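Have a look at entry.cif; it's mmCIF, C-alpha atoms:
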```
data_start
loop_
_atom_site.label_atom_id
_atom_site.label_comp_id
_atom_site.auth_asym_id
_atom_site.auth_seq_id
_atom_site.Cartn_x
_atom_site.Cartn_y
_atom_site.Cartn_z
CA MET E 1 81.84 3.15 62.82
CA ASN E 2 82.53 5.99 65.30
CA LEU E 3 79.97 7.88 67.41
CA VAL E 4 79.47 10.70 64.92
CA GLU E 5 78.93 8.27 62.05
CA LYS E 6 76.46 6.18 64.09
CA ILE E 7 74.48 9.28 65.08
CA ASN E 8 74.35 10.65 61.55
CA LYS E 9 73.23 7.26 60.20
CA LEU E 10 70.42 7.02 62.77
CA LYS E 11 69.34 10.60 62.11
CA LYS E 12 68.68 9.74 58.47
CA GLU E 13 66.94 6.48 59.28
CA LYS E 14 64.61 8.10 61.83
CA ASN E 15 64.14 11.47 60.10
CA ALA E 16 65.57 13.23 63.15
CA ILE E 17 67.30 16.56 63.62
CA ILE E 18 69.67 17.66 66.38
CA LEU E 19 69.49 21.15 67.89
CA THR E 20 72.49 22.36 69.88
CA HIS E 21 72.69 25.37 72.17
CA CYS E 22 75.90 27.42 72.14
CA TYR E 23 76.68 26.47 75.76
CA GLN E 24 76.89 22.76 74.92
CA ASN E 25 80.08 20.74 74.62
CA ILE E 26 81.55 21.85 71.30
CA GLU E 27 81.98 18.33 69.88
CA ILE E 28 78.17 18.02 69.66
CA ASP E 29 78.28 20.58 66.81
CA GLU E 30 79.66 17.77 64.60
CA VAL E 31 76.26 16.04 64.52
CA SER E 32 74.06 19.15 64.77
CA ASP E 33 71.64 20.45 62.19
CA PHE E 34 71.29 23.82 63.91
CA VAL E 35 73.48 25.55 66.51
CA GLY E 36 72.42 28.76 68.27
CA ASP E 37 70.35 30.23 71.06
CA SER E 38 67.24 28.54 72.40
CA LEU E 39 64.35 30.28 70.62
CA TYR E 40 66.16 30.30 67.28
CA LEU E 41 66.64 26.53 67.55
CA SER E 42 62.98 25.86 68.34
CA LYS E 43 61.84 28.12 65.51
CA MET E 44 64.14 26.41 63.01
CA ALA E 45 62.96 22.97 64.12
CA SER E 46 59.35 24.00 63.49
CA THR E 47 60.16 24.75 59.84
CA THR E 48 61.49 21.26 59.12
CA ASP E 49 59.67 18.06 58.22
CA ALA E 50 61.57 16.07 60.87
CA ASP E 51 59.65 13.51 62.90
CA ILE E 52 62.07 13.62 65.83
CA ILE E 53 63.86 16.53 67.52
CA ILE E 54 66.86 15.88 69.76
CA PHE E 55 67.53 19.05 71.75
CA ALA E 56 71.06 19.26 73.15
CA GLY E 57 70.29 21.94 75.69
CA VAL E 58 68.36 22.13 78.94
CA TYR E 59 64.85 21.06 79.85
CA PHE E 60 62.97 24.32 79.26
CA MET E 61 64.51 24.56 75.77
CA ALA E 62 63.22 21.12 74.81
CA GLN E 63 59.80 22.16 76.14
CA SER E 64 59.88 25.25 73.90
CA ALA E 65 60.63 23.06 70.90
CA LYS E 66 57.61 20.91 71.81
CA ILE E 67 55.42 24.02 72.15
CA LEU E 68 56.36 25.21 68.66
CA SER E 69 56.30 21.71 67.13
CA PRO E 70 53.58 19.81 69.04
CA GLU E 71 53.23 17.25 66.23
CA LYS E 72 56.90 16.26 66.50
CA ARG E 73 58.49 14.02 69.12
CA VAL E 74 61.04 15.94 71.19
CA PHE E 75 63.79 14.37 73.28
CA LEU E 76 66.38 15.66 75.75
CA PRO E 77 69.57 13.56 75.64
CA ASN E 78 70.18 13.80 79.39
CA MET E 79 67.31 14.48 81.78
CA ASN E 80 69.71 15.94 84.35
CA SER E 81 70.06 18.95 82.04
CA GLY E 82 67.85 21.37 83.91
CA CYS E 83 68.16 25.13 84.28
CA LEU E 84 68.76 26.39 87.81
CA MET E 85 67.21 29.75 86.98
CA ALA E 86 64.08 28.20 85.47
CA ASN E 87 63.77 25.97 88.54
CA MET E 88 63.66 29.01 90.85
CA ILE E 89 60.09 29.74 89.83
CA ASP E 90 57.01 27.55 89.47
CA VAL E 91 53.34 28.31 88.89
CA GLU E 92 52.59 28.75 92.60
CA LYS E 93 55.47 31.19 93.11
CA LEU E 94 54.50 33.08 89.97
CA ARG E 95 50.91 33.45 91.18
CA GLU E 96 52.18 34.77 94.52
CA PHE E 97 54.38 37.27 92.66
CA LYS E 98 51.41 38.42 90.59
CA ALA E 99 49.14 38.64 93.65
CA LYS E 100 51.59 40.99 95.38
CA ASN E 101 51.59 43.21 92.29
CA PRO E 102 48.05 42.95 90.86
CA ASN E 103 46.82 44.20 87.50
CA LEU E 104 50.25 44.45 85.90
CA PRO E 105 51.37 42.75 82.68
CA VAL E 106 53.77 39.85 83.21
CA VAL E 107 56.76 39.37 80.93
CA CYS E 108 58.24 35.90 81.05
CA TYR E 109 61.85 35.23 80.07
CA ILE E 110 62.22 32.31 77.66
CA ASN E 111 64.38 30.65 80.37
CA SER E 112 61.32 29.26 82.15
CA THR E 113 59.17 26.17 82.06
CA ALA E 114 56.17 25.75 79.78
CA GLU E 115 53.89 25.82 82.82
CA VAL E 116 55.24 29.23 83.87
CA LYS E 117 55.01 30.59 80.32
CA ALA E 118 51.36 29.52 80.27
CA GLU E 119 50.66 31.85 83.23
CA CYS E 120 52.31 34.94 81.69
CA ASP E 121 51.12 37.58 79.26
CA ILE E 122 54.08 37.65 76.90
CA CYS E 123 57.44 35.94 76.52
CA CYS E 124 60.82 37.51 75.74
CA THR E 125 64.43 36.56 75.03
CA SER E 126 67.60 38.30 76.16
CA SER E 127 67.90 39.88 72.72
CA ASN E 128 64.37 41.29 72.49
CA ALA E 129 63.51 41.91 76.18
CA VAL E 130 63.83 45.70 75.87
CA ASP E 131 61.59 45.83 72.79
CA ILE E 132 59.01 43.49 74.35
CA VAL E 133 58.68 45.53 77.54
CA LYS E 134 58.54 48.72 75.49
CA SER E 135 55.79 47.26 73.29
CA LEU E 136 53.47 46.96 76.31
CA ASN E 137 53.20 50.77 76.58
CA THR E 138 53.04 50.70 80.35
CA ASP E 139 55.02 52.44 83.08
CA LYS E 140 55.16 49.35 85.29
CA VAL E 141 55.64 45.69 84.44
CA LEU E 142 56.37 42.38 86.17
CA PHE E 143 59.35 40.39 84.93
CA ALA E 144 60.22 36.77 85.74
CA PRO E 145 62.34 34.91 86.54
CA ASP E 146 65.65 36.75 85.97
CA THR E 147 66.01 39.85 88.14
CA TYR E 148 69.25 40.95 86.44
CA LEU E 149 67.91 40.83 82.90
CA GLY E 150 64.79 42.64 84.11
CA LYS E 151 66.76 45.40 85.83
CA TRP E 152 69.05 45.75 82.81
CA VAL E 153 65.92 46.29 80.69
CA GLU E 154 64.79 48.96 83.15
CA THR E 155 68.04 50.90 82.56
CA LYS E 156 67.26 50.96 78.85
CA LEU E 157 63.71 52.33 79.16
CA SER E 158 63.10 55.76 80.62
CA GLY E 159 60.04 55.98 82.86
CA VAL E 160 59.39 52.22 83.06
CA GLU E 161 59.60 50.38 86.37
CA VAL E 162 60.45 46.70 85.98
CA ILE E 163 59.44 44.75 89.08
CA THR E 164 61.46 41.56 89.04
CA PHE E 165 61.12 38.10 90.52
CA ASN E 166 64.24 37.18 92.48
CA GLY E 167 65.61 34.60 90.07
CA PHE E 168 69.11 34.50 88.58
CA CYS E 169 71.64 32.48 86.62
CA PRO E 170 74.26 31.08 89.04
CA THR E 171 76.82 30.76 86.24
CA HIS E 172 76.58 34.40 85.13
CA LEU E 173 76.55 35.60 88.74
CA ARG E 174 80.02 34.11 89.21
CA ILE E 175 81.26 36.99 87.04
CA ARG E 176 82.11 39.86 89.40
CA PRO E 177 83.00 43.54 88.75
CA GLU E 178 86.59 42.79 89.81
CA ASP E 179 86.80 40.26 86.95
CA ILE E 180 86.05 43.09 84.52
CA GLU E 181 88.59 45.34 86.20
CA ASN E 182 91.26 42.62 86.03
CA ALA E 183 90.46 42.00 82.37
CA ARG E 184 90.98 45.70 81.64
CA LYS E 185 94.42 45.57 83.27
CA ASN E 186 95.50 42.28 81.71
CA HIS E 187 94.02 42.85 78.25
CA PRO E 188 93.87 46.63 77.68
CA ASP E 189 93.42 46.15 73.93
CA ALA E 190 90.39 43.85 74.32
CA LEU E 191 86.71 44.68 74.17
CA ILE E 192 84.63 43.15 76.98
CA LEU E 193 81.34 41.56 75.89
CA ALA E 194 78.81 40.53 78.55
CA HIS E 195 75.44 38.81 78.76
CA PRO E 196 72.57 40.74 80.46
CA GLU E 197 72.06 37.83 82.90
CA CYS E 198 75.24 39.12 84.57
CA HIS E 199 75.03 41.27 87.71
CA CYS E 200 74.03 44.86 86.88
CA GLU E 201 77.41 46.14 88.12
CA VAL E 202 79.12 43.85 85.59
CA SER E 203 76.89 44.99 82.72
CA LYS E 204 77.71 48.63 83.52
CA LEU E 205 81.43 47.96 83.07
CA ALA E 206 81.22 45.99 79.80
CA ASP E 207 81.83 47.49 76.36
CA PHE E 208 78.87 45.61 74.92
CA VAL E 209 75.93 43.79 76.52
CA GLY E 210 73.85 41.36 74.52
CA SER E 211 72.42 37.89 74.09
CA THR E 212 74.54 34.89 73.15
CA LYS E 213 73.77 35.45 69.47
CA GLU E 214 74.37 39.19 69.72
CA ILE E 215 77.74 38.68 71.43
CA MET E 216 78.85 36.28 68.71
CA GLU E 217 77.66 38.55 65.91
CA PHE E 218 79.30 41.61 67.48
CA ALA E 219 82.61 39.77 67.84
CA LYS E 220 82.47 38.53 64.26
CA LYS E 221 81.73 41.97 62.75
CA SER E 222 83.98 44.08 64.99
CA ASN E 223 87.29 45.37 63.66
CA ASN E 224 88.85 44.68 67.05
CA LYS E 225 91.13 41.64 67.28
CA LYS E 226 90.85 40.74 70.96
CA PHE E 227 87.80 40.14 73.14
CA VAL E 228 87.10 39.14 76.72
CA ILE E 229 83.82 37.20 76.85
CA ALA E 230 81.65 37.43 79.98
CA THR E 231 79.30 34.54 79.40
CA GLU E 232 79.39 30.73 79.32
CA LYS E 233 82.55 28.98 78.07
CA GLY E 234 80.79 27.34 75.11
CA VAL E 235 80.56 30.73 73.39
CA VAL E 236 84.33 31.26 73.69
CA ASP E 237 85.02 27.74 72.41
CA ARG E 238 82.94 28.35 69.29
CA LEU E 239 84.32 31.83 68.62
CA ASN E 240 87.92 30.61 68.84
CA ARG E 241 87.11 27.63 66.61
CA ASP E 242 85.47 29.86 64.00
CA SER E 243 88.29 32.42 64.15
CA LYS E 244 90.77 29.68 63.19
CA MET E 245 88.43 28.10 60.64
CA TYR E 246 87.61 31.35 58.82
CA ASN E 247 90.92 33.16 59.44
CA TRP E 248 89.45 36.04 61.41
CA GLY E 249 92.75 36.53 63.23
CA LYS E 250 90.87 37.21 66.46
CA GLU E 251 91.44 36.05 70.03
CA PHE E 252 88.66 35.31 72.51
CA ILE E 253 89.33 35.03 76.24
CA LEU E 254 86.91 33.69 78.86
CA ILE E 255 86.46 36.26 81.63
CA ASN E 256 87.04 33.62 84.30
CA GLU E 257 87.82 29.93 83.89
CA ASN E 258 84.91 28.88 86.14
CA ILE E 259 82.19 30.34 83.90
CA ILE E 260 80.85 26.92 82.94
CA CYS E 261 77.22 25.83 83.30
CA PRO E 262 77.43 22.26 84.63
CA ASN E 263 73.85 21.46 83.58
CA MET E 264 74.55 22.52 80.01
CA LYS E 265 77.52 20.16 79.89
CA HIS E 266 75.54 17.03 80.89
CA ASN E 267 74.62 16.16 77.30
CA THR E 268 77.20 14.04 75.46
CA LEU E 269 77.49 12.34 72.09
CA GLU E 270 76.90 9.04 73.93
CA ASP E 271 73.64 10.42 75.35
CA ILE E 272 72.51 11.54 71.91
CA LEU E 273 73.23 8.13 70.42
CA ASN E 274 71.38 6.41 73.26
CA THR E 275 68.38 8.71 72.81
CA LEU E 276 68.24 8.06 69.09
CA GLU E 277 68.64 4.29 69.47
CA ASN E 278 66.16 3.82 72.32
CA GLU E 279 63.93 6.91 72.01
CA VAL E 280 64.19 7.69 75.72
CA ASN E 281 63.75 10.99 77.59
CA GLU E 282 60.81 12.21 75.52
CA ILE E 283 59.34 15.61 76.44
CA THR E 284 55.57 15.55 76.88
CA LEU E 285 53.18 18.43 77.57
CA ASP E 286 49.40 18.49 77.82
CA LYS E 287 47.50 20.34 75.08
CA ASP E 288 46.21 23.07 77.39
CA THR E 289 49.71 23.98 78.58
CA ILE E 290 51.00 24.00 74.99
CA LEU E 291 48.20 26.31 73.84
CA LYS E 292 48.60 28.76 76.73
CA ALA E 293 52.40 28.82 76.59
CA LYS E 294 52.32 29.25 72.82
CA LYS E 295 50.13 32.34 73.21
CA SER E 296 52.84 34.08 75.22
CA ILE E 297 55.47 33.12 72.62
CA ASP E 298 53.23 34.11 69.69
CA LYS E 299 52.60 37.54 71.27
CA MET E 300 56.35 38.04 71.49
CA LEU E 301 56.86 37.05 67.85
CA LEU E 302 54.06 39.39 66.76
CA ALA E 303 55.50 42.29 68.77
CA ASN E 304 58.88 41.63 67.14
CA SER E 305 57.35 41.66 63.66
CA LEU E 306 55.67 45.03 64.30
CA LYS E 307 58.87 46.82 65.30
#
```
Would you mind giving the structure from this file in C-alpha cells?
Amino acid sequence: MNLVEKINKLKKEKNAIILTHCYQNIEIDEVSDFVGDSLYLSKMASTTDADIIIFAGVYFMAQSAKILSPEKRVFLPNMNSGCLMANMIDVEKLREFKAKNPNLPVVCYINSTAEVKAECDICCTSSNAVDIVKSLNTDKVLFAPDTYLGKWVETKLSGVEVITFNGFCPTHLRIRPEDIENARKNHPDALILAHPECHCEVSKLADFVGSTKEIMEFAKKSNNKKFVIATEKGVVDRLNRDSKMYNWGKEFILINENIICPNMKHNTLEDILNTLENEVNEITLDKDTILKAKKSIDKMLLANSLK
C-alpha cells in the first residue's frame, strides 16, 4: 500500500478531512478533500461532520480552522510551517500600534495569529480587504500586519487613509519591478497577474492584482493563452496541471524561479500520514481567544453578506 492509499484509508477510519492551501506541494492534492485559499478551507471544514481536520498549510491557517470548528480536532502536519508575516506581529506589538493611533478601527489580515485577531475589530482576506475597509465608513483605519496589502487597499479607496503596521511577506517581496519589466520583454503576449502582498510598485505594473483564488479564476476565464504569475510557485503548478487536465491550451510562467515559500513547503505526505497515525501536532486555543477571534471573522463575513 503506497502513501496515498494509506492516508485515504486512515481518513475514512478516523473520519478525517485534509485541507490543502494552494501554496503547498502539489502532490498533497491527491489526498485532499478541499484545495484553495485559507479562509475558504476553514469555512468548508466547518460545514462537514468530520471529527479531525488535517490542515496542510501554515500555523495561522490551522488556528483559523479551529476558530471556525472549535468542536473538531485540528492538526498541522509539520509544526515548522509558520508564516513569517504573521510572526512579525504579536499582541504586545499590536497594542503599541493601536496606542500610537488611538480611537481608530483595526482591520486584521487573515494572515495573523488567533491572538492577534482577538485584539482587532474586523478581519479581512486579500480578496475582500477593499470591501471590508470600505464597510467601516471611516476616513482613517489601522491595518495589520501587511503594509503592502494595506497600501494597495488605500489606492482603491478615495479619501481613506490606511495606516499600516510594518509587516510583509518575504516571498512576495522577492518580486521586484524589474521582474515585471523583464517579463514584458520576454513574454509580450502574456498577461501579468500579481498578488496584492507584492510591493506596491509591482502591483502598479501588473495587468491584474488579486488574491490566490482571484488569480486562478481570472486565468481560467481569460481568453488569453499565456500568463506570467507573480505569486507563490504552488499556484503556477496547479494552473499548469489543470490546463493540461482540462485542455485549456494555456501556459503559466512563474515570474521568478525563487518565488517559493519555504514554510509552505514543509508539509509532506509523510507528515500527513504520521499526523493521522499518531494524532500529533494538535492545534489548541483557549475558549476566550476563540470567541474574540471569531467575532472579528464573523464581522467580516457579515460585511461581505451585506455587499
> With distances taken over only C-alpha atoms, which of E:Cys120, E:Leu19, E:Cys169, E:Ala206 is nearest to Met61 of chain E?
Replying inline: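 Of all the options, E:Leu19 lies closest to Met61 of chain E.
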> Quick one: which residues end up in the PyMOL selection byres ((chain E and resi 69) around 12) for this structure, as a PyMOL selection string?
Replying inline: chain E and resi 41-53+62-68+70-74+283-285+287+290-291+294
> Applied to this file, what does the PyMOL selection byres ((chain E and resi 299) around 12) return in terms of residues, put as a ChimeraX atom specification?
Replying inline: /E:107-108,117,120-124,132-133,135-136,292-298,300-306
> If you count all atoms listed in the file, which residues fall within 9 Å of segment 150-166 of chain E, apart from same-chain ones fewer than 6 positions away, as a ChimeraX atom specification?
Replying inline: /E:88-89,94,97,101,109,129-130,133-134,138-144,196-197,199-200,203
Deliver the residues from the most recent selection as a file, using C-alpha atoms, as a PDB file, keeping the file's coordinate frame.
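What landed in part-v3.pdb:
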```pdb
ATOM      1  CA  MET E  88      63.660  29.010  90.850  1.00  0.00           C
ATOM      2  CA  ILE E  89      60.090  29.740  89.830  1.00  0.00           C
ATOM      3  CA  LEU E  94      54.500  33.080  89.970  1.00  0.00           C
ATOM      4  CA  PHE E  97      54.380  37.270  92.660  1.00  0.00           C
ATOM      5  CA  ASN E 101      51.590  43.210  92.290  1.00  0.00           C
ATOM      6  CA  TYR E 109      61.850  35.230  80.070  1.00  0.00           C
ATOM      7  CA  ALA E 129      63.510  41.910  76.180  1.00  0.00           C
ATOM      8  CA  VAL E 130      63.830  45.700  75.870  1.00  0.00           C
ATOM      9  CA  VAL E 133      58.680  45.530  77.540  1.00  0.00           C
ATOM     10  CA  LYS E 134      58.540  48.720  75.490  1.00  0.00           C
ATOM     11  CA  THR E 138      53.040  50.700  80.350  1.00  0.00           C
ATOM     12  CA  ASP E 139      55.020  52.440  83.080  1.00  0.00           C
ATOM     13  CA  LYS E 140      55.160  49.350  85.290  1.00  0.00           C
ATOM     14  CA  VAL E 141      55.640  45.690  84.440  1.00  0.00           C
ATOM     15  CA  LEU E 142      56.370  42.380  86.170  1.00  0.00           C
ATOM     16  CA  PHE E 143      59.350  40.390  84.930  1.00  0.00           C
ATOM     17  CA  ALA E 144      60.220  36.770  85.740  1.00  0.00           C
ATOM     18  CA  PRO E 196      72.570  40.740  80.460  1.00  0.00           C
ATOM     19  CA  GLU E 197      72.060  37.830  82.900  1.00  0.00           C
ATOM     20  CA  HIS E 199      75.030  41.270  87.710  1.00  0.00           C
ATOM     21  CA  CYS E 200      74.030  44.860  86.880  1.00  0.00           C
ATOM     22  CA  SER E 203      76.890  44.990  82.720  1.00  0.00           C
TER      23      SER E 203
END
```
>> Around the point (71.5, 10.2, 75.4) (coordinates from the file), which residues reach within 12 Å if we count only C-alpha atoms? Answer as a PyMOL selection string.
In response: chain E and resi 3+7+18+28+54-57+75-81+266-282
> Expressed in Å to a single decimal, how great is the separation between atom CA of Gln24 of chain E and atom CA of Thr171 of chain E?
Replying inline: 13.9 Å
> Can you tell me how far atom CA of Leu10 of chain E sits from atom CA of Phe60 of chain E, in Å to one decimal?
Replying inline: 25.0 Å
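Shortest separation to Ala183 of chain E among E:Lys250, E:Lys233, E:Lys226, E:Lys265 occurs at residue E:Lys226, atoms counted being only C-alpha atoms.
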>> If I take atom CA of Asn2 of chain E and atom CA of Val35 of chain E, how far is one from the other in Å, to one decimal?
In response: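 Interatomic distance here is 21.6 Å.
If you measure from each of E:Glu251, E:Asp146, E:Asp37, E:Glu96 to Val58 of chain E using all atoms listed in the file, the closest one turns out to be E:Asp37.
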>> Nearest residue to Phe168 of chain E out of E:Leu193, E:Val235, E:Leu149, E:Val106, using all atoms listed in the file?
In response: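 Of all the options, E:Leu149 lies closest to Phe168 of chain E.
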> Between E:Val91, E:Val4, E:Ile110, E:Ala219, which has the minimum distance to Ser38 of chain E (counting all atoms listed in the file)?
Replying inline: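 Among E:Val91, E:Val4, E:Ile110, E:Ala219, it is E:Ile110 that comes nearest to Ser38 of chain E.
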Box time for segment 90-101 of chain E: axis-aligned, enclosing all its listed atoms, 3 Å extra on each side; report centre and edge lengths in Å to one decimal, as AutoDock Vina command-line options.
```
--center_x 53.1 --center_y 35.4 --center_z 92.1 --size_x 13.9 --size_y 21.7 --size_z 12.5
```
